[in-house]
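Trainee: What follows is the file final.txt, containing compact mmCIF, N, CA and C atoms:
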# COMPACT_ATOMS: atom_id res chain seq x y z
N MET A 1 0.85 -1.19 0.00
CA MET A 1 0.00 0.00 0.00
C MET A 1 0.89 1.25 0.00
N VAL A 2 0.71 2.09 -0.98
CA VAL A 2 1.56 3.27 -1.12
C VAL A 2 0.80 4.51 -0.66
N ALA A 3 1.43 5.25 0.23
CA ALA A 3 0.83 6.51 0.68
C ALA A 3 0.82 7.50 -0.47
N LYS A 4 -0.21 8.32 -0.51
CA LYS A 4 -0.34 9.31 -1.57
C LYS A 4 -0.25 10.69 -0.94
N LYS A 5 0.67 11.49 -1.43
CA LYS A 5 0.87 12.83 -0.87
C LYS A 5 0.06 13.85 -1.65
N LEU A 6 -0.67 14.69 -0.92
CA LEU A 6 -1.49 15.73 -1.53
C LEU A 6 -0.97 17.10 -1.14
N TYR A 7 -1.04 18.02 -2.08
CA TYR A 7 -0.73 19.42 -1.83
C TYR A 7 -2.05 20.12 -1.49
N VAL A 8 -2.03 20.93 -0.44
CA VAL A 8 -3.21 21.69 -0.05
C VAL A 8 -2.81 23.16 0.00
N GLY A 9 -3.39 23.97 -0.88
CA GLY A 9 -3.03 25.37 -0.96
C GLY A 9 -4.17 26.30 -0.59
N ASN A 10 -3.83 27.57 -0.41
CA ASN A 10 -4.76 28.64 -0.06
C ASN A 10 -5.36 28.45 1.33
N LEU A 11 -4.55 27.91 2.25
CA LEU A 11 -4.99 27.76 3.64
C LEU A 11 -4.92 29.11 4.33
N SER A 12 -5.78 29.31 5.32
CA SER A 12 -5.67 30.54 6.11
C SER A 12 -4.41 30.42 6.95
N TYR A 13 -3.83 31.55 7.32
CA TYR A 13 -2.57 31.54 8.07
C TYR A 13 -2.73 31.01 9.49
N GLU A 14 -3.99 30.86 9.94
CA GLU A 14 -4.23 30.33 11.29
C GLU A 14 -4.31 28.80 11.30
N THR A 15 -4.34 28.18 10.12
CA THR A 15 -4.51 26.73 10.05
C THR A 15 -3.32 26.00 10.67
N THR A 16 -3.62 25.04 11.54
CA THR A 16 -2.58 24.23 12.18
C THR A 16 -2.51 22.86 11.51
N ASP A 17 -1.48 22.08 11.85
CA ASP A 17 -1.37 20.71 11.34
C ASP A 17 -2.63 19.92 11.69
N LYS A 18 -3.09 20.08 12.93
CA LYS A 18 -4.27 19.35 13.40
C LYS A 18 -5.52 19.76 12.61
N ASP A 19 -5.67 21.05 12.35
CA ASP A 19 -6.81 21.53 11.54
C ASP A 19 -6.78 20.87 10.16
N LEU A 20 -5.59 20.82 9.58
CA LEU A 20 -5.42 20.24 8.25
C LEU A 20 -5.79 18.76 8.28
N GLU A 21 -5.30 18.06 9.27
CA GLU A 21 -5.62 16.63 9.42
C GLU A 21 -7.13 16.43 9.56
N ASN A 22 -7.77 17.26 10.38
CA ASN A 22 -9.21 17.13 10.62
C ASN A 22 -10.04 17.34 9.35
N LEU A 23 -9.54 18.15 8.41
CA LEU A 23 -10.24 18.35 7.14
C LEU A 23 -10.31 17.06 6.33
N PHE A 24 -9.25 16.25 6.42
CA PHE A 24 -9.12 15.07 5.57
C PHE A 24 -9.61 13.77 6.21
N VAL A 25 -9.67 13.72 7.54
CA VAL A 25 -10.07 12.50 8.25
C VAL A 25 -11.41 11.93 7.78
N PRO A 26 -12.43 12.77 7.51
CA PRO A 26 -13.70 12.18 7.05
C PRO A 26 -13.60 11.40 5.74
N HIS A 27 -12.52 11.60 5.00
CA HIS A 27 -12.38 10.97 3.68
C HIS A 27 -11.50 9.73 3.71
N GLY A 28 -10.84 9.46 4.84
CA GLY A 28 -10.00 8.27 4.93
C GLY A 28 -8.88 8.45 5.92
N THR A 29 -8.00 7.47 5.97
CA THR A 29 -6.90 7.48 6.94
C THR A 29 -5.83 8.49 6.54
N VAL A 30 -5.54 9.41 7.44
CA VAL A 30 -4.50 10.41 7.22
C VAL A 30 -3.22 9.91 7.89
N GLN A 31 -2.16 9.76 7.11
CA GLN A 31 -0.90 9.31 7.68
C GLN A 31 -0.10 10.46 8.26
N SER A 32 -0.18 11.62 7.60
CA SER A 32 0.48 12.80 8.13
C SER A 32 -0.16 14.04 7.53
N ALA A 33 -0.09 15.13 8.27
CA ALA A 33 -0.61 16.41 7.79
C ALA A 33 0.34 17.48 8.31
N GLN A 34 0.87 18.29 7.41
CA GLN A 34 1.84 19.30 7.82
C GLN A 34 1.57 20.61 7.09
N VAL A 35 1.39 21.66 7.88
CA VAL A 35 1.29 23.01 7.33
C VAL A 35 2.72 23.53 7.24
N ILE A 36 3.11 24.07 6.10
CA ILE A 36 4.47 24.56 5.91
C ILE A 36 4.59 25.94 6.56
N MET A 37 5.60 26.07 7.42
CA MET A 37 5.79 27.29 8.19
C MET A 37 6.93 28.13 7.62
N ASP A 38 6.77 29.45 7.70
CA ASP A 38 7.84 30.38 7.34
C ASP A 38 8.73 30.52 8.56
N ARG A 39 9.97 30.08 8.43
CA ARG A 39 10.90 30.11 9.58
C ARG A 39 11.09 31.52 10.11
N ASP A 40 11.20 32.49 9.22
CA ASP A 40 11.48 33.87 9.65
C ASP A 40 10.26 34.51 10.32
N ALA A 41 9.09 34.35 9.69
CA ALA A 41 7.88 35.00 10.22
C ALA A 41 7.23 34.18 11.33
N GLY A 42 7.55 32.87 11.39
CA GLY A 42 6.98 32.02 12.42
C GLY A 42 5.50 31.75 12.23
N ARG A 43 5.02 31.87 10.99
CA ARG A 43 3.62 31.57 10.73
C ARG A 43 3.50 30.74 9.45
N SER A 44 2.30 30.27 9.20
CA SER A 44 2.04 29.43 8.04
C SER A 44 2.35 30.18 6.74
N LYS A 45 2.82 29.42 5.74
CA LYS A 45 3.00 29.99 4.41
C LYS A 45 1.72 29.88 3.60
N GLY A 46 0.68 29.28 4.18
CA GLY A 46 -0.60 29.20 3.49
C GLY A 46 -0.78 27.94 2.67
N PHE A 47 0.12 26.97 2.85
CA PHE A 47 -0.07 25.69 2.17
C PHE A 47 0.51 24.57 3.02
N GLY A 48 0.16 23.35 2.65
CA GLY A 48 0.67 22.21 3.39
C GLY A 48 0.55 20.94 2.58
N PHE A 49 0.89 19.84 3.23
CA PHE A 49 0.85 18.53 2.58
C PHE A 49 0.16 17.54 3.49
N VAL A 50 -0.63 16.66 2.88
CA VAL A 50 -1.32 15.62 3.62
C VAL A 50 -1.00 14.30 2.93
N GLU A 51 -0.65 13.28 3.73
CA GLU A 51 -0.43 11.95 3.18
C GLU A 51 -1.62 11.07 3.55
N MET A 52 -2.25 10.52 2.51
CA MET A 52 -3.37 9.60 2.70
C MET A 52 -2.85 8.19 2.47
N ASN A 53 -3.55 7.18 3.04
CA ASN A 53 -2.99 5.83 2.98
C ASN A 53 -3.16 5.13 1.64
N THR A 54 -4.12 5.52 0.80
CA THR A 54 -4.26 4.89 -0.51
C THR A 54 -4.57 5.93 -1.58
N ASP A 55 -4.36 5.54 -2.81
CA ASP A 55 -4.65 6.42 -3.94
C ASP A 55 -6.15 6.71 -4.03
N GLN A 56 -7.00 5.68 -3.76
CA GLN A 56 -8.45 5.88 -3.83
C GLN A 56 -8.90 6.93 -2.83
N VAL A 57 -8.37 6.85 -1.60
CA VAL A 57 -8.72 7.81 -0.56
C VAL A 57 -8.22 9.20 -0.94
N ALA A 58 -7.03 9.26 -1.51
CA ALA A 58 -6.47 10.54 -1.94
C ALA A 58 -7.35 11.16 -3.02
N GLN A 59 -7.76 10.36 -4.01
CA GLN A 59 -8.61 10.89 -5.10
C GLN A 59 -9.96 11.36 -4.57
N ALA A 60 -10.52 10.61 -3.62
CA ALA A 60 -11.80 11.00 -3.02
C ALA A 60 -11.65 12.32 -2.26
N SER A 61 -10.52 12.49 -1.60
CA SER A 61 -10.25 13.72 -0.85
C SER A 61 -10.13 14.91 -1.79
N ILE A 62 -9.43 14.71 -2.90
CA ILE A 62 -9.28 15.78 -3.89
C ILE A 62 -10.67 16.18 -4.41
N ALA A 63 -11.47 15.17 -4.76
CA ALA A 63 -12.81 15.43 -5.30
C ALA A 63 -13.68 16.18 -4.29
N ALA A 64 -13.55 15.82 -3.01
CA ALA A 64 -14.40 16.42 -1.99
C ALA A 64 -13.94 17.80 -1.56
N LEU A 65 -12.63 18.02 -1.52
CA LEU A 65 -12.11 19.23 -0.89
C LEU A 65 -11.57 20.30 -1.84
N ASN A 66 -11.19 19.93 -3.06
CA ASN A 66 -10.66 20.93 -3.98
C ASN A 66 -11.76 21.95 -4.29
N GLY A 67 -11.48 23.22 -4.04
CA GLY A 67 -12.46 24.28 -4.29
C GLY A 67 -13.38 24.55 -3.10
N GLN A 68 -13.34 23.69 -2.07
CA GLN A 68 -14.17 23.91 -0.88
C GLN A 68 -13.70 25.16 -0.15
N GLU A 69 -14.64 25.89 0.41
CA GLU A 69 -14.28 27.07 1.16
C GLU A 69 -14.07 26.71 2.63
N VAL A 70 -12.90 27.05 3.14
CA VAL A 70 -12.56 26.81 4.54
C VAL A 70 -11.99 28.12 5.08
N ASN A 71 -12.59 28.62 6.17
CA ASN A 71 -12.16 29.91 6.74
C ASN A 71 -12.16 31.02 5.68
N GLY A 72 -13.15 30.99 4.79
CA GLY A 72 -13.29 32.05 3.80
C GLY A 72 -12.35 31.95 2.61
N ARG A 73 -11.65 30.83 2.48
CA ARG A 73 -10.71 30.66 1.37
C ARG A 73 -11.00 29.37 0.64
N ALA A 74 -11.03 29.43 -0.68
CA ALA A 74 -11.27 28.23 -1.50
C ALA A 74 -9.97 27.43 -1.58
N LEU A 75 -10.01 26.20 -1.06
CA LEU A 75 -8.80 25.37 -1.04
C LEU A 75 -8.41 24.89 -2.44
N THR A 76 -7.12 24.70 -2.63
CA THR A 76 -6.59 24.01 -3.79
C THR A 76 -6.05 22.69 -3.28
N VAL A 77 -6.59 21.58 -3.77
CA VAL A 77 -6.13 20.27 -3.34
C VAL A 77 -5.81 19.45 -4.58
N ASN A 78 -4.58 18.98 -4.68
CA ASN A 78 -4.21 18.11 -5.79
C ASN A 78 -3.03 17.23 -5.39
N GLU A 79 -2.67 16.31 -6.27
CA GLU A 79 -1.54 15.44 -5.97
C GLU A 79 -0.27 16.27 -5.91
N ALA A 80 0.51 16.02 -4.87
CA ALA A 80 1.78 16.73 -4.74
C ALA A 80 2.74 16.20 -5.79
N ARG A 81 3.44 17.11 -6.43
CA ARG A 81 4.45 16.69 -7.39
C ARG A 81 5.75 16.40 -6.64
N PRO A 82 6.55 15.49 -7.17
CA PRO A 82 7.84 15.23 -6.50
C PRO A 82 8.65 16.51 -6.43
N ARG A 83 9.37 16.66 -5.36
CA ARG A 83 10.17 17.87 -5.18
C ARG A 83 11.26 17.90 -6.24
N GLU A 84 11.34 19.00 -6.95
CA GLU A 84 12.33 19.10 -8.03
C GLU A 84 13.57 19.81 -7.52
N GLU A 85 14.68 19.45 -8.11
CA GLU A 85 15.91 20.17 -7.80
C GLU A 85 15.76 21.58 -8.36
N ARG A 86 16.16 22.54 -7.58
CA ARG A 86 16.06 23.92 -8.07
C ARG A 86 17.23 24.16 -9.00
N SER A 87 16.93 24.48 -10.24
CA SER A 87 18.00 24.62 -11.23
C SER A 87 18.44 26.07 -11.34
N GLY A 88 19.62 26.25 -11.92
CA GLY A 88 20.09 27.59 -12.24
C GLY A 88 20.75 28.31 -11.08
N ARG A 89 20.90 27.62 -9.94
CA ARG A 89 21.55 28.30 -8.81
C ARG A 89 22.62 27.39 -8.24
N LYS A 90 23.73 28.01 -7.89
CA LYS A 90 24.79 27.23 -7.26
C LYS A 90 24.45 27.10 -5.79
N PRO A 91 24.74 25.94 -5.19
CA PRO A 91 24.43 25.78 -3.77
C PRO A 91 25.14 26.85 -2.93
N GLY A 92 24.41 27.45 -2.04
CA GLY A 92 25.00 28.44 -1.14
C GLY A 92 25.14 29.83 -1.75
N PHE A 93 24.75 29.99 -3.00
CA PHE A 93 24.89 31.28 -3.66
C PHE A 93 23.59 32.05 -3.51
N ALA A 94 23.61 33.18 -2.87
CA ALA A 94 22.38 33.94 -2.59
C ALA A 94 22.06 34.98 -3.65
N GLY A 95 22.94 35.16 -4.61
CA GLY A 95 22.69 36.18 -5.62
C GLY A 95 23.37 37.48 -5.24
N SER A 96 23.51 38.36 -6.20
CA SER A 96 24.19 39.62 -5.90
C SER A 96 23.23 40.62 -5.31
N ARG A 97 23.73 41.43 -4.44
CA ARG A 97 22.93 42.52 -3.87
C ARG A 97 23.54 43.81 -4.40
N GLY A 98 22.77 44.50 -5.25
CA GLY A 98 23.40 45.61 -5.89
C GLY A 98 22.71 46.87 -5.83
Can the structure in the file be given as structure tokens, please?

Mentor:
Amino acid sequence: MVAKKLYVGNLSYETTDKDLENLFVPHGTVQSAQVIMDRDAGRSKGFGFVEMNTDQVAQASIAALNGQEVNGRALTVNEARPREERSGRKPGFAGSRG
């Protein structure tokens, strides 16, 4: 059984990991739910990831929640794409400040 990772966007900045998990629980088993935090600001970046236990459950969650309004914001829910290597930048190079 392969876990399916979903991207959840347009979250309100008050959304916690637990809130995110609670949104998906009615649709199936949630393996993990994480709201991505801005290290500098110490608050949510407005998106997160949820891992569901099967593809069927993930697809049902997308169908049920994509476009749903939560806290006044229409959610974007879709399959998370694999993390890509960021191209065009050398590691540790921050760019010129001019």

Trainee: Show me, as a PyMOL selection string, the residues that have an atom within 8 Å of A:Arg73 when counting all atoms listed in the file, minus same-chain residues fewer than 2 positions from it.

Mentor: chain A and resi 9-12+67-71+75-76

Trainee: Of the residues A:Thr29, A:Asp17, A:Arg39, A:Pro82, which is the one nearest to A:Asp55, using only C-alpha atoms?

Mentor: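 Comparing A:Thr29, A:Asp17, A:Arg39, A:Pro82 against A:Asp55, the winner is A:Thr29.
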
Trainee: How far is it from atom C of A:Leu20 to atom N of A:Phe49, in Å with one decimal?

Mentor: 8.4 Å

Trainee: Would you give me, as a tab-separated table, each residue of stretch 48-81 of chain A having an atom within 9 Å of an atom of stretch 30-35 of chain A, along with its shortest atom pair and that distance in Å to one decimal, using only C-alpha atoms and sorting by chain and residue number?

Mentor:
residue	atom	partner	partner_atom	distance
A:Gly48	CA	A:Val35	CA	4.1
A:Phe49	CA	A:Gln34	CA	5.4
A:Val50	CA	A:Ala33	CA	4.3
A:Glu51	CA	A:Ser32	CA	5.1
A:Met52	CA	A:Val30	CA	4.7
A:Asn53	CA	A:Gln31	CA	6.2

Trainee: Which residue is closest to A:His27? Choose from A:Leu6, A:Ala74, A:Ala80, A:Val57 and count only C-alpha atoms.

Mentor: A:Val57

Trainee: Which residue out of A:Thr54, A:Asp19, A:Ile36, A:Val25 has the minimum interatomic distance to A:Ala3 when all atoms listed in the file are used?

Mentor: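 The answer is A:Thr54, which sits nearest to A:Ala3.
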
Trainee: Going by DSSP on the backbone, which bits of chain A are alpha helix (DSSP H)? Write them as an mmCIF file with N, CA and C atoms, in the coordinates of the input, please.

Mentor:
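Writing done, so here's selection-v5.cif:
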data_model
loop_
_atom_site.group_PDB
_atom_site.id
_atom_site.type_symbol
_atom_site.label_atom_id
_atom_site.label_comp_id
_atom_site.auth_asym_id
_atom_site.auth_seq_id
_atom_site.Cartn_x
_atom_site.Cartn_y
_atom_site.Cartn_z
ATOM 1 N N ASP A 17 -1.480 22.080 11.850
ATOM 2 C CA ASP A 17 -1.370 20.710 11.340
ATOM 3 C C ASP A 17 -2.630 19.920 11.690
ATOM 4 N N LYS A 18 -3.090 20.080 12.930
ATOM 5 C CA LYS A 18 -4.270 19.350 13.400
ATOM 6 C C LYS A 18 -5.520 19.760 12.610
ATOM 7 N N ASP A 19 -5.670 21.050 12.350
ATOM 8 C CA ASP A 19 -6.810 21.530 11.540
ATOM 9 C C ASP A 19 -6.780 20.870 10.160
ATOM 10 N N LEU A 20 -5.590 20.820 9.580
ATOM 11 C CA LEU A 20 -5.420 20.240 8.250
ATOM 12 C C LEU A 20 -5.790 18.760 8.280
ATOM 13 N N GLU A 21 -5.300 18.060 9.270
ATOM 14 C CA GLU A 21 -5.620 16.630 9.420
ATOM 15 C C GLU A 21 -7.130 16.430 9.560
ATOM 16 N N ASN A 22 -7.770 17.260 10.380
ATOM 17 C CA ASN A 22 -9.210 17.130 10.620
ATOM 18 C C ASN A 22 -10.040 17.340 9.350
ATOM 19 N N LEU A 23 -9.540 18.150 8.410
ATOM 20 C CA LEU A 23 -10.240 18.350 7.140
ATOM 21 C C LEU A 23 -10.310 17.060 6.330
ATOM 22 N N PHE A 24 -9.250 16.250 6.420
ATOM 23 C CA PHE A 24 -9.120 15.070 5.570
ATOM 24 C C PHE A 24 -9.610 13.770 6.210
ATOM 25 N N ASP A 55 -4.360 5.540 -2.810
ATOM 26 C CA ASP A 55 -4.650 6.420 -3.940
ATOM 27 C C ASP A 55 -6.150 6.710 -4.030
ATOM 28 N N GLN A 56 -7.000 5.680 -3.760
ATOM 29 C CA GLN A 56 -8.450 5.880 -3.830
ATOM 30 C C GLN A 56 -8.900 6.930 -2.830
ATOM 31 N N VAL A 57 -8.370 6.850 -1.600
ATOM 32 C CA VAL A 57 -8.720 7.810 -0.560
ATOM 33 C C VAL A 57 -8.220 9.200 -0.940
ATOM 34 N N ALA A 58 -7.030 9.260 -1.510
ATOM 35 C CA ALA A 58 -6.470 10.540 -1.940
ATOM 36 C C ALA A 58 -7.350 11.160 -3.020
ATOM 37 N N GLN A 59 -7.760 10.360 -4.010
ATOM 38 C CA GLN A 59 -8.610 10.890 -5.100
ATOM 39 C C GLN A 59 -9.960 11.360 -4.570
ATOM 40 N N ALA A 60 -10.520 10.610 -3.620
ATOM 41 C CA ALA A 60 -11.800 11.000 -3.020
ATOM 42 C C ALA A 60 -11.650 12.320 -2.260
ATOM 43 N N SER A 61 -10.520 12.490 -1.600
ATOM 44 C CA SER A 61 -10.250 13.720 -0.850
ATOM 45 C C SER A 61 -10.130 14.910 -1.790
ATOM 46 N N ILE A 62 -9.430 14.710 -2.900
ATOM 47 C CA ILE A 62 -9.280 15.780 -3.890
ATOM 48 C C ILE A 62 -10.670 16.180 -4.410
ATOM 49 N N ALA A 63 -11.470 15.170 -4.760
ATOM 50 C CA ALA A 63 -12.810 15.430 -5.300
ATOM 51 C C ALA A 63 -13.680 16.180 -4.290
ATOM 52 N N ALA A 64 -13.550 15.820 -3.010
ATOM 53 C CA ALA A 64 -14.400 16.420 -1.990
ATOM 54 C C ALA A 64 -13.940 17.800 -1.560
ATOM 55 N N LEU A 65 -12.630 18.020 -1.520
ATOM 56 C CA LEU A 65 -12.110 19.230 -0.890
ATOM 57 C C LEU A 65 -11.570 20.300 -1.840
#

Trainee: Restricting the calculation to all atoms listed in the file: of A:Val2, A:Tyr7, A:Glu14, A:Asp38, which residue gets closest to A:Asn78?

Mentor: A:Tyr7

Trainee: Atom CA of A:Ser61 and atom CA of A:Phe24, how far apart in Å?

Mentor: 6.7 Å

Trainee: Could you please determine the separation between atom C of A:Lys45 and atom N of A:Val77 in Å, to one decimal place?

Mentor: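 If I compute the distance from atom C of A:Lys45 to atom N of A:Val77, I get 13.9 Å.
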
Trainee: Find the residue from A:Val8, A:Glu84, A:Glu79, A:Ala41 that sits nearest to A:Ala58; use all atoms listed in the file when measuring.

Mentor: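 Of the candidates, the smallest distance to A:Ala58 is held by A:Glu79.
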
Trainee: When distances are computed from all atoms listed in the file, which of A:Asn22, A:Gln56, A:Thr16, A:Ser44 shows the smallest separation from A:Lys4?

Mentor: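 Among the listed residues, A:Gln56 lies closest to A:Lys4.
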